[in-house]
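What follows is model.tsv (TSV, N, CA and C atoms).
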```
chain	number	residue	atom	x	y	z
A	127	MET	N	73.99	-129.96	-126.00
A	127	MET	CA	74.52	-128.95	-126.89
A	127	MET	C	73.40	-128.12	-127.50
A	128	ALA	N	72.29	-128.72	-127.82
A	128	ALA	CA	71.19	-127.97	-128.41
A	128	ALA	C	70.70	-126.90	-127.45
A	129	GLN	N	70.73	-127.21	-126.14
A	129	GLN	CA	70.28	-126.21	-125.17
A	129	GLN	C	71.20	-125.00	-125.19
A	130	GLY	N	72.48	-125.21	-125.25
A	130	GLY	CA	73.44	-124.10	-125.27
A	130	GLY	C	73.23	-123.20	-126.48
A	131	ARG	N	73.01	-123.81	-127.63
A	131	ARG	CA	72.81	-123.02	-128.83
A	131	ARG	C	71.49	-122.25	-128.77
A	132	GLY	N	70.48	-122.83	-128.21
A	132	GLY	CA	69.18	-122.17	-128.08
A	132	GLY	C	69.26	-120.98	-127.14
A	133	SER	N	69.97	-121.12	-126.03
A	133	SER	CA	70.08	-120.00	-125.09
A	133	SER	C	70.89	-118.86	-125.70
A	134	GLY	N	71.84	-119.19	-126.57
A	134	GLY	CA	72.60	-118.15	-127.27
A	134	GLY	C	71.69	-117.38	-128.21
A	135	SER	N	70.77	-118.07	-128.88
A	135	SER	CA	69.83	-117.41	-129.78
A	135	SER	C	68.91	-116.48	-129.00
A	136	VAL	N	68.51	-116.90	-127.80
A	136	VAL	CA	67.65	-116.06	-126.98
A	136	VAL	C	68.41	-114.79	-126.56
A	137	ALA	N	69.67	-114.94	-126.22
A	137	ALA	CA	70.48	-113.79	-125.82
A	137	ALA	C	70.65	-112.82	-126.98
A	138	VAL	N	70.88	-113.34	-128.18
A	138	VAL	CA	71.04	-112.49	-129.36
A	138	VAL	C	69.72	-111.77	-129.65
A	139	LEU	N	68.61	-112.48	-129.54
A	139	LEU	CA	67.30	-111.88	-129.78
A	139	LEU	C	67.03	-110.78	-128.74
A	140	ALA	N	67.36	-111.04	-127.48
A	140	ALA	CA	67.15	-110.06	-126.42
A	140	ALA	C	68.01	-108.81	-126.67
A	141	LEU	N	69.25	-109.02	-127.08
A	141	LEU	CA	70.13	-107.90	-127.39
A	141	LEU	C	69.60	-107.09	-128.56
A	142	PHE	N	69.11	-107.77	-129.57
A	142	PHE	CA	68.53	-107.10	-130.74
A	142	PHE	C	67.32	-106.25	-130.33
A	143	LEU	N	66.43	-106.83	-129.52
A	143	LEU	CA	65.24	-106.09	-129.08
A	143	LEU	C	65.62	-104.88	-128.23
A	144	LEU	N	66.64	-105.03	-127.39
A	144	LEU	CA	67.11	-103.92	-126.58
A	144	LEU	C	67.62	-102.79	-127.47
A	145	CYS	N	68.37	-103.12	-128.49
A	145	CYS	CA	68.89	-102.11	-129.43
A	145	CYS	C	67.74	-101.40	-130.14
A	146	VAL	N	66.73	-102.14	-130.56
A	146	VAL	CA	65.58	-101.55	-131.25
A	146	VAL	C	64.85	-100.59	-130.31
A	147	LEU	N	64.66	-100.99	-129.06
A	147	LEU	CA	63.97	-100.13	-128.10
A	147	LEU	C	64.77	-98.87	-127.81
A	148	LEU	N	66.07	-99.01	-127.63
A	148	LEU	CA	66.91	-97.84	-127.36
A	148	LEU	C	66.93	-96.89	-128.55
A	149	HIS	N	66.99	-97.44	-129.74
A	149	HIS	CA	66.96	-96.61	-130.94
A	149	HIS	C	65.65	-95.84	-131.02
A	150	GLY	N	64.55	-96.48	-130.70
A	150	GLY	CA	63.24	-95.83	-130.71
A	150	GLY	C	63.19	-94.68	-129.72
A	151	GLU	N	63.79	-94.83	-128.56
A	151	GLU	CA	63.81	-93.75	-127.57
A	151	GLU	C	64.53	-92.54	-128.11
A	152	PHE	N	65.71	-92.72	-128.70
A	152	PHE	CA	66.50	-91.61	-129.20
A	152	PHE	C	65.89	-91.02	-130.46
A	153	ALA	N	65.26	-91.85	-131.26
A	153	ALA	CA	64.69	-91.38	-132.51
A	153	ALA	C	63.52	-90.44	-132.26
A	154	GLU	N	62.89	-90.52	-131.10
A	154	GLU	CA	61.74	-89.69	-130.80
A	154	GLU	C	62.14	-88.27	-130.38
A	155	SER	N	63.38	-88.06	-130.01
A	155	SER	CA	63.81	-86.73	-129.59
A	155	SER	C	63.79	-85.78	-130.79
A	156	ALA	N	63.32	-84.57	-130.52
A	156	ALA	CA	63.26	-83.56	-131.58
A	156	ALA	C	64.24	-82.45	-131.27
A	157	VAL	N	64.66	-81.73	-132.30
A	157	VAL	CA	65.57	-80.59	-132.15
A	157	VAL	C	64.82	-79.34	-132.61
A	158	TYR	N	64.79	-78.34	-131.76
A	158	TYR	CA	64.10	-77.08	-132.04
A	158	TYR	C	65.09	-75.93	-131.98
A	159	THR	N	65.02	-75.03	-132.95
A	159	THR	CA	65.81	-73.80	-132.90
A	159	THR	C	64.95	-72.73	-132.25
A	160	VAL	N	65.38	-72.26	-131.10
A	160	VAL	CA	64.63	-71.26	-130.36
A	160	VAL	C	64.50	-69.99	-131.19
A	161	GLY	N	63.26	-69.52	-131.34
A	161	GLY	CA	63.01	-68.32	-132.14
A	161	GLY	C	62.96	-68.58	-133.63
A	162	ASP	N	63.05	-69.84	-134.02
A	162	ASP	CA	63.06	-70.24	-135.42
A	162	ASP	C	64.13	-69.46	-136.19
A	163	ARG	N	63.80	-68.86	-137.31
A	163	ARG	CA	64.82	-68.16	-138.12
A	163	ARG	C	65.42	-66.95	-137.41
A	164	GLY	N	64.64	-66.32	-136.55
A	164	GLY	CA	65.12	-65.14	-135.84
A	164	GLY	C	66.11	-65.45	-134.73
A	165	GLY	N	66.16	-66.71	-134.31
A	165	GLY	CA	67.08	-67.12	-133.25
A	165	GLY	C	66.68	-66.59	-131.89
A	166	TRP	N	67.57	-66.74	-130.93
A	166	TRP	CA	67.36	-66.31	-129.55
A	166	TRP	C	67.51	-64.80	-129.53
A	167	SER	N	66.40	-64.10	-129.33
A	167	SER	CA	66.41	-62.64	-129.35
A	167	SER	C	65.30	-62.10	-128.48
A	168	PHE	N	65.10	-60.81	-128.52
A	168	PHE	CA	64.05	-60.18	-127.73
A	168	PHE	C	62.68	-60.67	-128.17
A	169	ASN	N	61.77	-60.73	-127.22
A	169	ASN	CA	60.37	-61.11	-127.47
A	169	ASN	C	60.20	-62.51	-128.05
A	170	THR	N	61.02	-63.45	-127.57
A	170	THR	CA	60.85	-64.86	-127.98
A	170	THR	C	59.99	-65.62	-126.97
A	171	GLY	N	59.47	-64.93	-125.97
A	171	GLY	CA	58.69	-65.58	-124.92
A	171	GLY	C	57.53	-66.41	-125.43
A	172	GLY	N	56.91	-65.99	-126.53
A	172	GLY	CA	55.78	-66.72	-127.08
A	172	GLY	C	56.18	-67.86	-128.01
A	173	TRP	N	57.45	-67.98	-128.30
A	173	TRP	CA	57.91	-69.00	-129.25
A	173	TRP	C	57.47	-70.43	-128.89
A	174	PRO	N	57.46	-70.83	-127.61
A	174	PRO	CA	57.07	-72.22	-127.30
A	174	PRO	C	55.59	-72.53	-127.55
A	175	ARG	N	54.73	-71.52	-127.63
A	175	ARG	CA	53.29	-71.77	-127.79
A	175	ARG	C	52.99	-72.61	-129.02
A	176	GLY	N	52.14	-73.61	-128.79
A	176	GLY	CA	51.71	-74.48	-129.88
A	176	GLY	C	52.65	-75.63	-130.18
A	177	LYS	N	53.77	-75.69	-129.47
A	177	LYS	CA	54.72	-76.78	-129.68
A	177	LYS	C	54.59	-77.78	-128.54
A	178	ARG	N	54.81	-79.04	-128.84
A	178	ARG	CA	54.75	-80.10	-127.83
A	178	ARG	C	56.16	-80.62	-127.58
A	179	PHE	N	56.69	-80.28	-126.43
A	179	PHE	CA	58.05	-80.67	-126.08
A	179	PHE	C	58.02	-81.90	-125.19
A	180	ARG	N	59.08	-82.69	-125.31
A	180	ARG	CA	59.24	-83.89	-124.47
A	180	ARG	C	60.62	-83.85	-123.83
A	181	ALA	N	60.71	-84.46	-122.67
A	181	ALA	CA	62.02	-84.61	-122.03
A	181	ALA	C	62.94	-85.32	-123.03
A	182	GLY	N	64.14	-84.80	-123.18
A	182	GLY	CA	65.09	-85.36	-124.15
A	182	GLY	C	65.16	-84.56	-125.44
A	183	ASP	N	64.14	-83.75	-125.72
A	183	ASP	CA	64.21	-82.87	-126.89
A	183	ASP	C	65.35	-81.87	-126.68
A	184	VAL	N	65.86	-81.34	-127.77
A	184	VAL	CA	67.00	-80.42	-127.70
A	184	VAL	C	66.59	-79.05	-128.22
A	185	LEU	N	66.92	-78.03	-127.43
A	185	LEU	CA	66.74	-76.65	-127.88
A	185	LEU	C	68.08	-76.13	-128.36
A	186	VAL	N	68.09	-75.49	-129.52
A	186	VAL	CA	69.29	-74.87	-130.05
A	186	VAL	C	69.09	-73.36	-129.96
A	187	PHE	N	69.98	-72.71	-129.23
A	187	PHE	CA	69.93	-71.27	-129.07
A	187	PHE	C	71.00	-70.67	-130.00
A	188	LYS	N	70.56	-69.91	-131.01
A	188	LYS	CA	71.49	-69.26	-131.94
A	188	LYS	C	71.40	-67.75	-131.72
A	189	TYR	N	72.58	-67.14	-131.49
A	189	TYR	CA	72.62	-65.71	-131.18
A	189	TYR	C	74.05	-65.22	-131.30
A	190	SER	N	74.21	-63.90	-131.25
A	190	SER	CA	75.54	-63.31	-131.24
A	190	SER	C	76.12	-63.43	-129.84
A	191	ALA	N	77.21	-64.15	-129.71
A	191	ALA	CA	77.82	-64.36	-128.38
A	191	ALA	C	78.34	-63.07	-127.78
A	192	ALA	N	78.61	-62.08	-128.59
A	192	ALA	CA	79.08	-60.79	-128.07
A	192	ALA	C	77.93	-59.98	-127.46
A	193	ALA	N	76.69	-60.31	-127.86
A	193	ALA	CA	75.55	-59.50	-127.43
A	193	ALA	C	74.62	-60.19	-126.44
A	194	HIS	N	74.66	-61.54	-126.37
A	194	HIS	CA	73.70	-62.27	-125.54
A	194	HIS	C	74.34	-63.50	-124.91
A	195	ASN	N	73.58	-64.15	-124.05
A	195	ASN	CA	73.92	-65.46	-123.52
A	195	ASN	C	72.63	-66.19	-123.22
A	196	VAL	N	72.73	-67.39	-122.72
A	196	VAL	CA	71.57	-68.17	-122.29
A	196	VAL	C	71.90	-68.70	-120.90
A	197	VAL	N	70.99	-68.48	-119.97
A	197	VAL	CA	71.18	-68.97	-118.61
A	197	VAL	C	70.00	-69.83	-118.24
A	198	ALA	N	70.27	-71.07	-117.84
A	198	ALA	CA	69.21	-71.96	-117.35
A	198	ALA	C	68.94	-71.58	-115.89
A	199	VAL	N	67.70	-71.19	-115.60
A	199	VAL	CA	67.35	-70.72	-114.27
A	199	VAL	C	66.14	-71.48	-113.74
A	200	ASN	N	65.81	-71.24	-112.47
A	200	ASN	CA	64.60	-71.81	-111.89
A	200	ASN	C	63.47	-70.80	-112.08
A	201	ALA	N	62.27	-71.14	-111.57
A	201	ALA	CA	61.11	-70.26	-111.75
A	201	ALA	C	61.35	-68.89	-111.13
A	202	ALA	N	61.97	-68.85	-109.96
A	202	ALA	CA	62.24	-67.56	-109.30
A	202	ALA	C	63.18	-66.71	-110.14
A	203	GLY	N	64.22	-67.33	-110.72
A	203	GLY	CA	65.15	-66.60	-111.57
A	203	GLY	C	64.48	-66.09	-112.83
A	204	TYR	N	63.57	-66.89	-113.36
A	204	TYR	CA	62.81	-66.49	-114.55
A	204	TYR	C	61.92	-65.29	-114.24
A	205	ASN	N	61.19	-65.37	-113.12
A	205	ASN	CA	60.26	-64.30	-112.76
A	205	ASN	C	60.97	-63.00	-112.38
A	206	SER	N	62.14	-63.12	-111.75
A	206	SER	CA	62.86	-61.92	-111.30
A	206	SER	C	63.93	-61.47	-112.30
A	207	CYS	N	64.11	-62.24	-113.38
A	207	CYS	CA	65.15	-61.95	-114.36
A	207	CYS	C	66.53	-61.87	-113.70
A	208	SER	N	66.80	-62.86	-112.87
A	208	SER	CA	68.12	-62.92	-112.23
A	208	SER	C	68.61	-64.36	-112.23
A	209	ALA	N	69.90	-64.50	-112.40
A	209	ALA	CA	70.51	-65.83	-112.42
A	209	ALA	C	70.96	-66.21	-111.01
A	210	PRO	N	70.41	-67.29	-110.47
A	210	PRO	CA	70.85	-67.72	-109.15
A	210	PRO	C	72.31	-68.19	-109.18
A	211	ARG	N	72.96	-68.16	-108.04
A	211	ARG	CA	74.33	-68.63	-107.94
A	211	ARG	C	74.40	-70.08	-108.43
A	212	GLY	N	75.38	-70.36	-109.26
A	212	GLY	CA	75.58	-71.72	-109.77
A	212	GLY	C	74.77	-72.05	-111.00
A	213	ALA	N	73.98	-71.10	-111.53
A	213	ALA	CA	73.19	-71.36	-112.73
A	213	ALA	C	74.10	-71.65	-113.91
A	214	LYS	N	73.66	-72.54	-114.79
A	214	LYS	CA	74.43	-72.89	-115.98
A	214	LYS	C	74.32	-71.77	-117.00
A	215	VAL	N	75.46	-71.22	-117.42
A	215	VAL	CA	75.50	-70.13	-118.39
A	215	VAL	C	76.08	-70.67	-119.70
A	216	TYR	N	75.35	-70.46	-120.78
A	216	TYR	CA	75.80	-70.85	-122.12
A	216	TYR	C	76.17	-69.57	-122.85
A	217	LYS	N	77.29	-69.59	-123.57
A	217	LYS	CA	77.72	-68.36	-124.23
A	217	LYS	C	78.43	-68.59	-125.56
A	218	SER	N	78.17	-69.72	-126.21
A	218	SER	CA	78.86	-70.00	-127.47
A	218	SER	C	78.20	-69.31	-128.67
A	219	GLY	N	76.93	-68.97	-128.54
A	219	GLY	CA	76.19	-68.43	-129.68
A	219	GLY	C	75.51	-69.50	-130.50
A	220	ASN	N	75.78	-70.76	-130.16
A	220	ASN	CA	75.14	-71.90	-130.83
A	220	ASN	C	75.05	-73.03	-129.82
A	221	ASP	N	74.21	-72.82	-128.80
A	221	ASP	CA	74.14	-73.75	-127.67
A	221	ASP	C	73.03	-74.77	-127.84
A	222	ARG	N	73.32	-75.99	-127.43
A	222	ARG	CA	72.35	-77.09	-127.47
A	222	ARG	C	72.04	-77.49	-126.03
A	223	VAL	N	70.76	-77.42	-125.68
A	223	VAL	CA	70.33	-77.74	-124.32
A	223	VAL	C	69.26	-78.83	-124.39
A	224	THR	N	69.47	-79.92	-123.66
A	224	THR	CA	68.51	-81.01	-123.62
A	224	THR	C	67.49	-80.73	-122.53
A	225	LEU	N	66.22	-80.81	-122.90
A	225	LEU	CA	65.15	-80.53	-121.95
A	225	LEU	C	64.96	-81.66	-120.95
A	226	THR	N	64.64	-81.29	-119.72
A	226	THR	CA	64.27	-82.25	-118.69
A	226	THR	C	62.76	-82.18	-118.51
A	227	ARG	N	62.20	-83.19	-117.88
A	227	ARG	CA	60.76	-83.23	-117.64
A	227	ARG	C	60.36	-82.07	-116.73
A	228	GLY	N	59.27	-81.42	-117.07
A	228	GLY	CA	58.80	-80.28	-116.30
A	228	GLY	C	59.08	-78.99	-117.06
A	229	THR	N	59.04	-77.89	-116.33
A	229	THR	CA	59.27	-76.59	-116.97
A	229	THR	C	60.73	-76.21	-116.89
A	230	ASN	N	61.29	-75.87	-118.04
A	230	ASN	CA	62.68	-75.46	-118.18
A	230	ASN	C	62.66	-73.95	-118.46
A	231	TYR	N	63.42	-73.20	-117.67
A	231	TYR	CA	63.43	-71.74	-117.78
A	231	TYR	C	64.78	-71.25	-118.29
A	232	PHE	N	64.74	-70.26	-119.21
A	232	PHE	CA	65.97	-69.70	-119.76
A	232	PHE	C	65.82	-68.19	-119.87
A	233	ILE	N	66.90	-67.49	-119.54
A	233	ILE	CA	66.93	-66.04	-119.66
A	233	ILE	C	68.26	-65.62	-120.30
A	234	CYS	N	68.31	-64.38	-120.79
A	234	CYS	CA	69.57	-63.75	-121.15
A	234	CYS	C	69.92	-62.87	-119.97
A	235	SER	N	71.14	-63.02	-119.44
A	235	SER	CA	71.51	-62.27	-118.24
A	235	SER	C	72.23	-60.96	-118.54
A	236	PHE	N	72.35	-60.58	-119.82
A	236	PHE	CA	72.92	-59.27	-120.14
A	236	PHE	C	71.97	-58.21	-119.59
A	237	PRO	N	72.50	-57.12	-119.04
A	237	PRO	CA	71.66	-56.10	-118.39
A	237	PRO	C	70.49	-55.63	-119.27
A	238	GLY	N	69.29	-55.76	-118.71
A	238	GLY	CA	68.08	-55.29	-119.38
A	238	GLY	C	67.47	-56.24	-120.39
A	239	HIS	N	68.18	-57.26	-120.81
A	239	HIS	CA	67.68	-58.13	-121.88
A	239	HIS	C	66.49	-58.97	-121.43
A	240	CYS	N	66.59	-59.63	-120.28
A	240	CYS	CA	65.48	-60.44	-119.79
A	240	CYS	C	64.25	-59.57	-119.56
A	241	GLN	N	64.45	-58.42	-118.95
A	241	GLN	CA	63.35	-57.50	-118.69
A	241	GLN	C	62.68	-57.02	-119.98
A	242	SER	N	63.43	-57.07	-121.08
A	242	SER	CA	62.89	-56.66	-122.39
A	242	SER	C	62.31	-57.84	-123.16
A	243	GLY	N	62.13	-58.97	-122.48
A	243	GLY	CA	61.46	-60.12	-123.10
A	243	GLY	C	62.36	-61.23	-123.58
A	244	MET	N	63.64	-61.19	-123.27
A	244	MET	CA	64.54	-62.24	-123.73
A	244	MET	C	64.60	-63.34	-122.68
A	245	LYS	N	63.48	-64.08	-122.62
A	245	LYS	CA	63.35	-65.22	-121.71
A	245	LYS	C	62.26	-66.14	-122.23
A	246	ILE	N	62.43	-67.43	-121.94
A	246	ILE	CA	61.39	-68.40	-122.32
A	246	ILE	C	61.24	-69.43	-121.22
A	247	ALA	N	60.03	-69.97	-121.15
A	247	ALA	CA	59.71	-71.10	-120.28
A	247	ALA	C	59.17	-72.21	-121.18
A	248	VAL	N	59.80	-73.37	-121.14
A	248	VAL	CA	59.44	-74.48	-122.00
A	248	VAL	C	59.09	-75.68	-121.12
A	249	THR	N	57.87	-76.17	-121.27
A	249	THR	CA	57.43	-77.32	-120.48
A	249	THR	C	57.54	-78.58	-121.32
A	250	ALA	N	58.26	-79.57	-120.78
A	250	ALA	CA	58.47	-80.84	-121.46
A	250	ALA	C	57.74	-81.95	-120.72
A	251	ALA	N	56.98	-82.74	-121.46
A	251	ALA	CA	56.25	-83.87	-120.88
A	251	ALA	C	57.19	-85.02	-120.63
```
Would you mind writing the file out in structure tokens?
Amino acid sequence: MAQGRGSGSVAVLALFLLCVLLHGEFAESAVYTVGDRGGWSFNTGGWPRGKRFRAGDVLVFKYSAAAHNVVAVNAAGYNSCSAPRGAKVYKSGNDRVTLTRGTNYFICSFPGHCQSGMKIAVTAA
């Protein structure tokens, strides 16, 4: 009987440690508002400079949904200011996007907006 009770204690301890580790993973994620107080707008391309992003961090895009959108694109879409077929389009005006490891590219696909600087590239470690 003592063995059974001891193995139960080990299982409880293992479960507790797993919960602590998982909590630590989520607690490290940061939330960033793109463009800070100005929100997602023209000439936000320099906004990521000086910030250290990690996979799992969340970008919040705040903007007028009638005037803009956010499109997650690849490097080619970013460079050409065009949204490839099947690209994820956000249009709520208060979008939350979780970063993946590597460079994450976003543009506004409204005519002329990306070309006028409404695009960002964010690299997450």
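Among the candidate residues A:Ala181, A:Ala198, A:Cys240, A:Ala251, the one lying nearest to Asp221 of chain A is A:Ala198, with distances computed using only C-alpha atoms.
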What is the atom N of Val223 of chain A to atom CA of Leu185 of chain A distance in Å? 4.6 Å
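Using all atoms listed in the file, the residues found no farther than 6.5 Å from Tyr204 of chain A, other than those of its own chain fewer than 5 positions away, are Val199, Tyr231 and Phe232 of chain A.
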Pick from A:Val160, A:Thr170, A:Ile233, A:Glu154, whichever lies nearest to Gly203 of chain A using all atoms listed in the file: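 For Gly203 of chain A, the nearest of the candidates is A:Ile233.
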So which one's closest to Val186 of chain A, A:Pro174, A:Lys214, A:Cys207, A:Thr224? Using all atoms listed in the file, please.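 So, comparing all the options, the nearest one is A:Thr224.
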Distance of atom CA of Thr226 of chain A from atom CA of Ala192 of chain A, expressed in Å to one decimal place: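 Value for the atom CA of Ala192 of chain A-atom CA of Thr226 of chain A distance: 27.7 Å.
Of the residues listed (A:Asn205, A:Thr249, A:Ser155, A:Ser190), A:Thr249 shows the shortest atom-to-atom separation from Arg227 of chain A; distances use only C-alpha atoms.
The spacing separating atom C of Gly212 of chain A from atom CA of Val197 of chain A amounts to 9.0 Å.
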Kindly indicate which residue among A:Val215, A:Gly172, A:Arg180, A:Val157 lies nearest to Gly243 of chain A, using all atoms listed in the file for the distances.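 Closest residue, counting all atoms listed in the file: A:Gly172.
Nearest to Trp166 of chain A of all the residues A:Pro237, A:Ala201, A:Met244, A:Lys217 is A:Met244, counting only C-alpha atoms.
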Let me know the centre plus edge lengths, in Å and rounded to one decimal, of a box with edges along x, y and z that contains all listed atoms of segment 228-239 of chain A and is padded by 8 Å on every side, as lines of an AutoDock Vina configuration file.
```
center_x = 65.9
center_y = -68.4
center_z = -119.1
size_x = 30.1
size_y = 42.1
size_z = 21.6
```
